[in-house]
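*Asks:* Sharing structure11.cif below, mmCIF, C-alpha atoms:
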```
data_entry
loop_
_atom_site.group_PDB
_atom_site.id
_atom_site.type_symbol
_atom_site.label_atom_id
_atom_site.label_comp_id
_atom_site.auth_asym_id
_atom_site.auth_seq_id
_atom_site.Cartn_x
_atom_site.Cartn_y
_atom_site.Cartn_z
ATOM 1 C CA MET A 1 45.088 -25.554 -58.511
ATOM 2 C CA GLN A 2 42.842 -27.495 -56.172
ATOM 3 C CA ALA A 3 39.734 -29.150 -57.529
ATOM 4 C CA LEU A 4 36.624 -27.057 -57.392
ATOM 5 C CA THR A 5 33.543 -28.254 -55.607
ATOM 6 C CA PHE A 6 30.271 -28.347 -57.497
ATOM 7 C CA ASN A 7 28.952 -25.346 -55.545
ATOM 8 C CA GLN A 8 31.966 -23.197 -56.426
ATOM 9 C CA LYS A 9 31.651 -24.108 -60.098
ATOM 10 C CA MET A 10 27.956 -23.337 -60.061
ATOM 11 C CA GLY A 11 28.517 -19.996 -58.324
ATOM 12 C CA ARG A 12 31.144 -18.896 -60.818
ATOM 13 C CA PHE A 13 29.021 -20.076 -63.723
ATOM 14 C CA ILE A 14 26.009 -18.075 -62.583
ATOM 15 C CA VAL A 15 28.004 -14.916 -61.821
ATOM 16 C CA ASN A 16 29.752 -15.089 -65.208
ATOM 17 C CA TRP A 17 26.437 -15.684 -66.921
ATOM 18 C CA ILE A 18 24.794 -12.691 -65.236
ATOM 19 C CA PHE A 19 27.669 -10.339 -66.074
ATOM 20 C CA LEU A 20 27.960 -11.494 -69.679
ATOM 21 C CA MET A 21 24.197 -11.192 -70.117
ATOM 22 C CA LEU A 22 24.276 -7.627 -68.746
ATOM 23 C CA LEU A 23 27.089 -6.864 -71.185
ATOM 24 C CA TRP A 24 25.083 -8.342 -74.071
ATOM 25 C CA ILE A 25 22.029 -6.247 -73.178
ATOM 26 C CA MET A 26 24.170 -3.104 -72.949
ATOM 27 C CA PHE A 27 25.749 -3.797 -76.344
ATOM 28 C CA THR A 28 22.558 -4.628 -78.202
ATOM 29 C CA SER A 29 20.554 -1.926 -76.298
ATOM 30 C CA THR A 30 17.315 -3.802 -76.883
ATOM 31 C CA PHE A 31 14.934 -6.192 -75.154
ATOM 32 C CA ALA A 32 13.623 -7.880 -78.328
ATOM 33 C CA ALA A 33 12.920 -11.559 -77.651
ATOM 34 C CA GLN A 34 15.154 -13.030 -80.362
ATOM 35 C CA GLU A 35 18.147 -10.966 -79.223
ATOM 36 C CA LEU A 36 17.669 -12.054 -75.616
ATOM 37 C CA ILE A 37 17.363 -15.735 -76.535
ATOM 38 C CA VAL A 38 20.489 -15.749 -78.721
ATOM 39 C CA GLY A 39 22.394 -13.734 -76.110
ATOM 40 C CA GLY A 40 21.268 -15.988 -73.294
ATOM 41 C CA LEU A 41 22.377 -19.143 -75.106
ATOM 42 C CA LEU A 42 25.711 -17.688 -76.213
ATOM 43 C CA THR A 43 26.600 -16.270 -72.806
ATOM 44 C CA MET A 44 25.602 -19.560 -71.183
ATOM 45 C CA LEU A 45 27.966 -21.444 -73.483
ATOM 46 C CA ILE A 46 30.807 -18.954 -72.871
ATOM 47 C CA SER A 47 30.436 -18.924 -69.101
ATOM 48 C CA PHE A 48 30.246 -22.741 -69.077
ATOM 49 C CA LEU A 49 33.492 -23.016 -71.043
ATOM 50 C CA SER A 50 35.291 -20.408 -68.924
ATOM 51 C CA ILE A 51 34.527 -21.643 -65.398
ATOM 52 C CA ARG A 52 38.245 -22.257 -64.839
ATOM 53 C CA LEU A 53 39.349 -18.948 -66.393
ATOM 54 C CA PHE A 54 37.266 -16.277 -64.666
ATOM 55 C CA THR A 55 38.141 -17.088 -61.113
ATOM 56 C CA CYS A 56 37.344 -13.745 -59.590
ATOM 57 C CA CYS A 57 34.163 -14.293 -57.676
ATOM 58 C CA ASP A 58 31.252 -16.490 -56.754
ATOM 59 C CA LEU A 59 27.651 -15.883 -55.823
ATOM 60 C CA SER A 60 28.456 -14.067 -52.574
ATOM 61 C CA LEU A 61 29.547 -11.147 -54.784
ATOM 62 C CA LEU A 62 25.904 -10.360 -55.446
ATOM 63 C CA SER A 63 24.917 -9.818 -51.815
ATOM 64 C CA PRO A 64 23.480 -6.329 -51.187
ATOM 65 C CA VAL A 65 26.220 -5.387 -48.705
ATOM 66 C CA LYS A 66 28.941 -6.084 -51.249
ATOM 67 C CA ILE A 67 27.057 -4.248 -53.973
ATOM 68 C CA PHE A 68 26.793 -1.240 -51.658
ATOM 69 C CA TRP A 69 30.578 -1.313 -51.069
ATOM 70 C CA MET A 70 31.180 -1.672 -54.799
ATOM 71 C CA ILE A 71 29.187 1.471 -55.491
ATOM 72 C CA TYR A 72 31.025 3.207 -52.648
ATOM 73 C CA TYR A 73 34.345 2.066 -54.124
ATOM 74 C CA PHE A 74 33.323 3.445 -57.498
ATOM 75 C CA GLY A 75 32.691 6.837 -55.846
ATOM 76 C CA VAL A 76 36.059 6.822 -54.061
ATOM 77 C CA PHE A 77 37.739 5.822 -57.310
ATOM 78 C CA LEU A 78 36.033 8.534 -59.356
ATOM 79 C CA VAL A 79 37.066 11.254 -56.887
ATOM 80 C CA ALA A 80 40.654 9.953 -56.952
ATOM 81 C CA LEU A 81 40.646 9.867 -60.757
ATOM 82 C CA ILE A 82 39.543 13.493 -61.033
ATOM 83 C CA GLN A 83 42.098 14.537 -58.383
ATOM 84 C CA ALA A 84 44.767 12.650 -60.334
ATOM 85 C CA ASN A 85 43.943 14.519 -63.498
ATOM 86 C CA LEU A 86 43.992 17.914 -61.808
ATOM 87 C CA ASP A 87 47.317 16.919 -60.241
ATOM 88 C CA VAL A 88 48.776 15.957 -63.618
ATOM 89 C CA ALA A 89 47.429 19.162 -65.147
ATOM 90 C CA ARG A 90 49.069 21.207 -62.400
ATOM 91 C CA ARG A 91 52.433 19.518 -62.827
ATOM 92 C CA VAL A 92 52.366 19.692 -66.616
ATOM 93 C CA ILE A 93 51.431 23.356 -66.801
ATOM 94 C CA ALA A 94 53.787 24.608 -64.069
ATOM 95 C CA PRO A 95 56.903 26.002 -65.785
ATOM 96 C CA SER A 96 59.245 24.572 -63.126
ATOM 97 C CA LEU A 97 57.937 20.984 -63.627
ATOM 98 C CA PRO A 98 57.605 20.108 -59.894
ATOM 99 C CA ILE A 99 58.552 16.410 -59.817
ATOM 100 C CA ASN A 100 60.666 14.232 -57.546
ATOM 101 C CA PRO A 101 60.298 10.736 -59.041
ATOM 102 C CA GLY A 102 61.269 7.450 -57.452
ATOM 103 C CA VAL A 103 60.093 3.877 -56.895
ATOM 104 C CA VAL A 104 58.601 2.852 -53.539
ATOM 105 C CA LYS A 105 57.187 -0.446 -52.319
ATOM 106 C CA PHE A 106 54.579 -1.561 -49.828
ATOM 107 C CA LYS A 107 52.812 -4.736 -48.793
ATOM 108 C CA THR A 108 49.113 -5.361 -49.110
ATOM 109 C CA LYS A 109 46.765 -7.480 -47.019
ATOM 110 C CA LEU A 110 44.662 -8.536 -50.010
ATOM 111 C CA LYS A 111 44.779 -12.256 -50.813
ATOM 112 C CA THR A 112 43.155 -13.015 -54.161
ATOM 113 C CA ASN A 113 44.724 -12.174 -57.504
ATOM 114 C CA TYR A 114 41.658 -10.376 -58.732
ATOM 115 C CA SER A 115 41.504 -7.935 -55.822
ATOM 116 C CA LYS A 116 45.223 -7.208 -56.218
ATOM 117 C CA MET A 117 44.600 -6.385 -59.858
ATOM 118 C CA VAL A 118 41.787 -4.003 -58.970
ATOM 119 C CA LEU A 119 43.998 -2.316 -56.355
ATOM 120 C CA ALA A 120 46.905 -2.035 -58.812
ATOM 121 C CA ASN A 121 44.659 -0.513 -61.468
ATOM 122 C CA SER A 122 43.194 1.954 -58.985
ATOM 123 C CA ILE A 123 46.666 2.984 -57.820
ATOM 124 C CA THR A 124 47.718 3.664 -61.400
ATOM 125 C CA LEU A 125 44.781 6.010 -61.834
ATOM 126 C CA THR A 126 45.263 7.946 -58.586
ATOM 127 C CA PRO A 127 47.375 11.078 -58.144
ATOM 128 C CA GLY A 128 51.035 10.676 -59.024
ATOM 129 C CA THR A 129 51.390 6.912 -58.780
ATOM 130 C CA LEU A 130 51.970 4.141 -61.343
ATOM 131 C CA THR A 131 52.100 0.432 -60.530
ATOM 132 C CA ILE A 132 55.249 -1.054 -62.071
ATOM 133 C CA ASP A 133 54.887 -4.590 -60.745
ATOM 134 C CA VAL A 134 53.167 -6.811 -58.195
ATOM 135 C CA VAL A 135 55.332 -9.613 -56.775
ATOM 136 C CA GLY A 136 53.416 -11.792 -54.331
ATOM 137 C CA ASP A 137 51.904 -9.264 -51.926
ATOM 138 C CA THR A 138 54.433 -6.500 -52.575
ATOM 139 C CA PHE A 139 53.515 -3.590 -54.817
ATOM 140 C CA TYR A 140 56.234 -1.587 -56.586
ATOM 141 C CA ILE A 141 54.994 1.901 -57.322
ATOM 142 C CA HIS A 142 56.573 4.638 -59.380
ATOM 143 C CA TRP A 143 55.753 7.844 -57.526
ATOM 144 C CA ILE A 144 56.055 11.127 -59.330
ATOM 145 C CA ASP A 145 56.580 13.089 -56.116
ATOM 146 C CA VAL A 146 58.108 10.808 -53.471
ATOM 147 C CA LYS A 147 57.146 11.930 -49.970
ATOM 148 C CA THR A 148 58.493 8.891 -48.102
ATOM 149 C CA THR A 149 60.446 5.733 -48.945
ATOM 150 C CA ASP A 150 59.209 3.900 -45.860
ATOM 151 C CA PRO A 151 56.854 1.037 -46.946
ATOM 152 C CA GLU A 152 54.397 1.573 -44.077
ATOM 153 C CA LYS A 153 54.007 5.294 -44.633
ATOM 154 C CA ALA A 154 53.843 4.850 -48.402
ATOM 155 C CA PHE A 155 51.010 2.371 -47.871
ATOM 156 C CA THR A 156 49.003 4.842 -45.770
ATOM 157 C CA GLU A 157 49.673 7.560 -48.288
ATOM 158 C CA ILE A 158 48.807 5.618 -51.448
ATOM 159 C CA ALA A 159 46.632 2.582 -50.905
ATOM 160 C CA GLU A 160 44.878 2.607 -47.542
ATOM 161 C CA SER A 161 41.658 4.278 -48.649
ATOM 162 C CA PHE A 162 41.205 1.728 -51.440
ATOM 163 C CA GLU A 163 42.285 -1.346 -49.549
ATOM 164 C CA LYS A 164 39.907 -0.987 -46.644
ATOM 165 C CA VAL A 165 36.987 -0.943 -49.079
ATOM 166 C CA LEU A 166 38.363 -3.792 -51.196
ATOM 167 C CA LEU A 167 38.788 -5.972 -48.089
ATOM 168 C CA LYS A 168 35.045 -5.682 -47.561
ATOM 169 C CA ILE A 169 34.247 -6.697 -51.153
ATOM 170 C CA PHE A 170 36.617 -9.615 -51.748
ATOM 171 C CA MET B 1 19.910 23.520 -78.513
ATOM 172 C CA SER B 2 18.601 20.982 -76.058
ATOM 173 C CA ILE B 3 19.977 20.447 -72.574
ATOM 174 C CA MET B 4 21.435 17.097 -73.616
ATOM 175 C CA GLU B 5 23.477 18.742 -76.338
ATOM 176 C CA ILE B 6 24.820 21.317 -73.893
ATOM 177 C CA ILE B 7 25.875 18.592 -71.425
ATOM 178 C CA ALA B 8 27.440 16.650 -74.304
ATOM 179 C CA GLY B 9 29.348 19.712 -75.476
ATOM 180 C CA ILE B 10 30.708 20.433 -72.004
ATOM 181 C CA LEU B 11 31.808 16.815 -71.513
ATOM 182 C CA ILE B 12 33.500 16.681 -74.913
ATOM 183 C CA ILE B 13 35.344 19.959 -74.246
ATOM 184 C CA ILE B 14 36.534 18.711 -70.832
ATOM 185 C CA GLY B 15 37.673 15.475 -72.445
ATOM 186 C CA SER B 16 39.595 17.286 -75.154
ATOM 187 C CA ILE B 17 41.283 19.547 -72.603
ATOM 188 C CA PHE B 18 42.481 16.565 -70.575
ATOM 189 C CA LEU B 19 43.664 14.738 -73.690
ATOM 190 C CA PHE B 20 45.605 17.845 -74.685
ATOM 191 C CA LEU B 21 47.154 18.078 -71.215
ATOM 192 C CA GLY B 22 48.130 14.414 -71.487
ATOM 193 C CA ALA B 23 49.862 15.075 -74.791
ATOM 194 C CA LEU B 24 51.630 18.092 -73.293
ATOM 195 C CA GLY B 25 52.693 15.919 -70.357
ATOM 196 C CA ILE B 26 54.168 13.307 -72.689
ATOM 197 C CA TYR B 27 56.141 16.091 -74.367
ATOM 198 C CA ARG B 28 57.368 17.831 -71.218
ATOM 199 C CA MET B 29 58.165 15.015 -68.787
ATOM 200 C CA PRO B 30 61.811 13.921 -68.546
ATOM 201 C CA ASP B 31 61.662 10.094 -68.669
ATOM 202 C CA ILE B 32 59.356 7.282 -69.753
ATOM 203 C CA TYR B 33 57.836 6.580 -66.322
ATOM 204 C CA ASN B 34 56.777 10.172 -65.782
ATOM 205 C CA ARG B 35 55.457 10.282 -69.340
ATOM 206 C CA LEU B 36 53.395 7.177 -68.672
ATOM 207 C CA GLN B 37 52.048 8.816 -65.518
ATOM 208 C CA ALA B 38 50.849 11.873 -67.384
ATOM 209 C CA GLY B 39 49.676 9.852 -70.367
ATOM 210 C CA THR B 40 47.673 7.199 -68.534
ATOM 211 C CA LYS B 41 45.713 9.420 -66.189
ATOM 212 C CA ALA B 42 44.914 12.131 -68.685
ATOM 213 C CA THR B 43 43.935 9.759 -71.486
ATOM 214 C CA THR B 44 41.743 7.700 -69.180
ATOM 215 C CA LEU B 45 39.624 10.572 -67.913
ATOM 216 C CA GLY B 46 39.819 12.380 -71.264
ATOM 217 C CA ALA B 47 38.583 9.412 -73.278
ATOM 218 C CA MET B 48 35.948 8.553 -70.674
ATOM 219 C CA SER B 49 34.543 12.047 -70.679
ATOM 220 C CA LEU B 50 34.661 12.258 -74.481
ATOM 221 C CA ILE B 51 32.815 8.968 -74.921
ATOM 222 C CA LEU B 52 30.243 9.934 -72.294
ATOM 223 C CA GLY B 53 29.708 13.160 -74.225
ATOM 224 C CA VAL B 54 29.056 11.177 -77.409
ATOM 225 C CA GLY B 55 26.606 9.063 -75.421
ATOM 226 C CA PHE B 56 24.687 12.197 -74.374
ATOM 227 C CA LEU B 57 24.673 13.488 -77.941
ATOM 228 C CA GLU B 58 23.223 10.240 -79.301
ATOM 229 C CA PRO B 59 21.068 8.738 -76.497
ATOM 230 C CA THR B 60 20.676 5.350 -78.231
ATOM 231 C CA TRP B 61 24.427 4.829 -77.905
ATOM 232 C CA MET B 62 24.455 5.615 -74.188
ATOM 233 C CA LEU B 63 24.664 2.008 -72.961
ATOM 234 C CA LYS B 64 27.355 1.150 -75.513
ATOM 235 C CA SER B 65 29.411 4.154 -74.458
ATOM 236 C CA LEU B 66 29.100 3.062 -70.820
ATOM 237 C CA VAL B 67 30.512 -0.360 -71.772
ATOM 238 C CA LEU B 68 33.380 1.370 -73.573
ATOM 239 C CA ILE B 69 34.080 3.504 -70.498
ATOM 240 C CA ILE B 70 34.248 0.407 -68.298
ATOM 241 C CA PHE B 71 36.661 -1.272 -70.716
ATOM 242 C CA ILE B 72 38.868 1.829 -70.881
ATOM 243 C CA ALA B 73 39.014 2.147 -67.097
ATOM 244 C CA TYR B 74 39.909 -1.546 -66.945
ATOM 245 C CA SER B 75 42.506 -1.858 -69.687
ATOM 246 C CA ASN B 76 44.335 1.487 -69.713
ATOM 247 C CA PRO B 77 46.166 0.975 -66.368
ATOM 248 C CA ILE B 78 47.102 -2.586 -67.366
ATOM 249 C CA SER B 79 48.758 -1.410 -70.580
ATOM 250 C CA SER B 80 50.741 1.264 -68.747
ATOM 251 C CA HIS B 81 51.848 -1.284 -66.130
ATOM 252 C CA ALA B 82 53.003 -3.632 -68.899
ATOM 253 C CA LEU B 83 54.928 -0.831 -70.607
ATOM 254 C CA ALA B 84 56.594 0.303 -67.376
ATOM 255 C CA ARG B 85 57.548 -3.241 -66.353
ATOM 256 C CA ALA B 86 58.935 -4.134 -69.766
ATOM 257 C CA THR B 87 60.934 -0.900 -69.882
ATOM 258 C CA TYR B 88 62.457 -1.560 -66.471
ATOM 259 C CA ARG B 89 63.398 -5.124 -67.350
ATOM 260 C CA ARG B 90 64.906 -3.913 -70.611
ATOM 261 C CA GLY B 91 67.358 -1.805 -68.597
ATOM 262 C CA HIS B 92 65.990 1.742 -68.667
ATOM 263 C CA TYR B 93 65.857 2.785 -65.029
ATOM 264 C CA PRO B 94 63.784 5.624 -63.593
ATOM 265 C CA LEU B 95 65.277 9.064 -63.415
ATOM 266 C CA ILE B 96 65.924 10.020 -59.788
ATOM 267 C CA LEU B 97 66.368 13.656 -58.916
ATOM 268 C CA SER B 98 66.822 13.534 -55.147
ATOM 269 C CA ASP B 99 70.209 12.861 -53.501
ATOM 270 C CA ASP B 100 69.211 9.578 -51.835
ATOM 271 C CA LYS B 101 69.674 7.513 -55.001
ATOM 272 C CA GLU B 102 69.990 4.079 -53.340
ATOM 273 C CA ASN B 103 66.683 4.060 -51.456
ATOM 274 C CA MET B 104 64.607 5.798 -54.069
ATOM 275 C CA ASP B 105 64.447 2.783 -56.399
ATOM 276 C CA ALA B 106 62.847 -0.097 -54.494
ATOM 277 C CA TYR B 107 62.251 -2.217 -57.595
ATOM 278 C CA GLN B 108 65.959 -2.987 -57.999
ATOM 279 C CA GLU B 109 65.598 -5.705 -55.343
ATOM 280 C CA VAL B 110 63.510 -7.612 -57.916
ATOM 281 C CA VAL B 111 65.386 -6.625 -61.071
ATOM 282 C CA PRO B 112 69.010 -5.794 -60.171
ATOM 283 C CA HIS B 113 70.520 -2.988 -62.208
ATOM 284 C CA GLU B 114 73.027 -4.008 -64.859
ATOM 285 C CA LYS B 115 75.848 -1.535 -65.140
ATOM 286 C CA GLU B 116 76.628 -1.746 -68.862
ATOM 287 C CA LYS B 117 72.978 -1.325 -69.763
ATOM 288 C CA GLU B 118 72.712 1.693 -67.499
ATOM 289 C CA GLU B 119 75.546 3.434 -69.278
ATOM 290 C CA LYS B 120 74.239 2.667 -72.744
ATOM 291 C CA ILE B 121 71.100 4.827 -72.425
#
```
When written as structure tokens, how does the structure in this file appear?
*Replies:*
Amino acid sequence: MQALTFNQKMGRFIVNWIFLMLLWIMFTSTFAAQELIVGGLLTMLISFLSIRLFTCCDLSLLSPVKIFWMIYYFGVFLVALIQANLDVARRVIAPSLPINPGVVKFKTKLKTNYSKMVLANSITLTPGTLTIDVVGDTFYIHWIDVKTTDPEKAFTEIAESFEKVLLKIF
Amino acid sequence: MSIMEIIAGILIIIGSIFLFLGALGIYRMPDIYNRLQAGTKATTLGAMSLILGVGFLEPTWMLKSLVLIIFIAYSNPISSHALARATYRRGHYPLILSDDKENMDAYQEVVPHEKEKEEKI
């Protein structure tokens, strides 16, 4: 791992601090002064100690454009999740059990580990697909109803709608 | 009955239905990968909707239930990936129904199949 510049460290520290503080406020569900002070100090300590661990993002994550795409991604994801559930329901209820399982692979253009993890998680929760493994930039997907074994076509079918949004965020 | 309670009831019923369908999927599907498919998706949306319903029923818990939903959406797919990967490396390979058996399992280029293990299942 290359050494981090002071600016990178500072950016990560502040982003971690903001997210942990939001989490603290959501858990305690209060704005009482003593809670906020204790939470602020604790989250500061944690985010200081974990600068090297939470490597996902720096301050540019909080720009309005990226926040807009994050909300958009959440919408895309929610629609896919509901579709996935209806799809599972359909397959489970149908007496003939319409499945044609297999494992396909495709390559992604995403670079950072964190964005690959988000893409892999999203793929698992979308209709009929389950991420088995990510090796480098290749995703291995168990597909409950294989339509194509060609990596390019599988990519368009499974991951394109997510990846083009993720490329704008990360 | 207030409007919040009605929304909560609807969400909890939807959640229970999806959890039931997930359980049915785990029972009906032929091998572990398909079971994981049914299990993961249905339990994620089912649990999310159930917890959101509890949040509507008890408005002071709303923020806490939102945190729980985020954690479920984050951790559920990771656990199913870990299960699927460990199963494959242990030597239980996916069931393939179509005739093109060679091309349908792309993961064997990473983890080559071992014959004796395959026969033992």
*Asks:* Counting all atoms listed in the file, which residues of chain B come no farther than 6 Å from chain A, as a PyMOL selection string?
*Replies:* chain B and resi 25+38+41-42+63-64+77+81+84-85+96-97+104-106
*Asks:* Take the PyMOL selection byres ((chain B and resi 7-14) around 6), run it mentally on this structure, and tell me the resulting residues as a list in words.
*Replies:*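 Going through the file, the PyMOL selection byres ((chain B and resi 7-14) around 6) ends up selecting Met4, Glu5, Ile6, Gly15, Ser16, Ile17, Ser49, Leu50, Gly53, Phe56 and Leu57 of chain B.
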*Asks:* I need the output of the PyMOL selection byres ((chain A and resi 164) around 12) for this file as a VMD selection string; which residues are they?
*Replies:* chain A and resid 69 to 70 72 to 73 76 108 to 110 115 119 155 to 156 159 to 163 165 to 170
*Asks:* At what distance in Å, to one decimal, does CA of Asp100 in chain B lie from CA of Lys153 in chain A?
*Replies:* 17.4 Å
*Asks:* May I ask which of the residues B:Val67, B:Gly39, B:Asn34, B:Ala73 is the closest one to Phe18 in chain B, counting all atoms listed in the file?
*Replies:*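 Smallest separation from Phe18 in chain B among the options: B:Gly39.
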*Asks:* May I ask which of the residues B:Ile72, B:Ile26, B:Ile78, B:Val111 is the closest one to Gly91 in chain B, counting all atoms listed in the file?
*Replies:*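 Of the candidates, the smallest distance to Gly91 in chain B is held by B:Val111.
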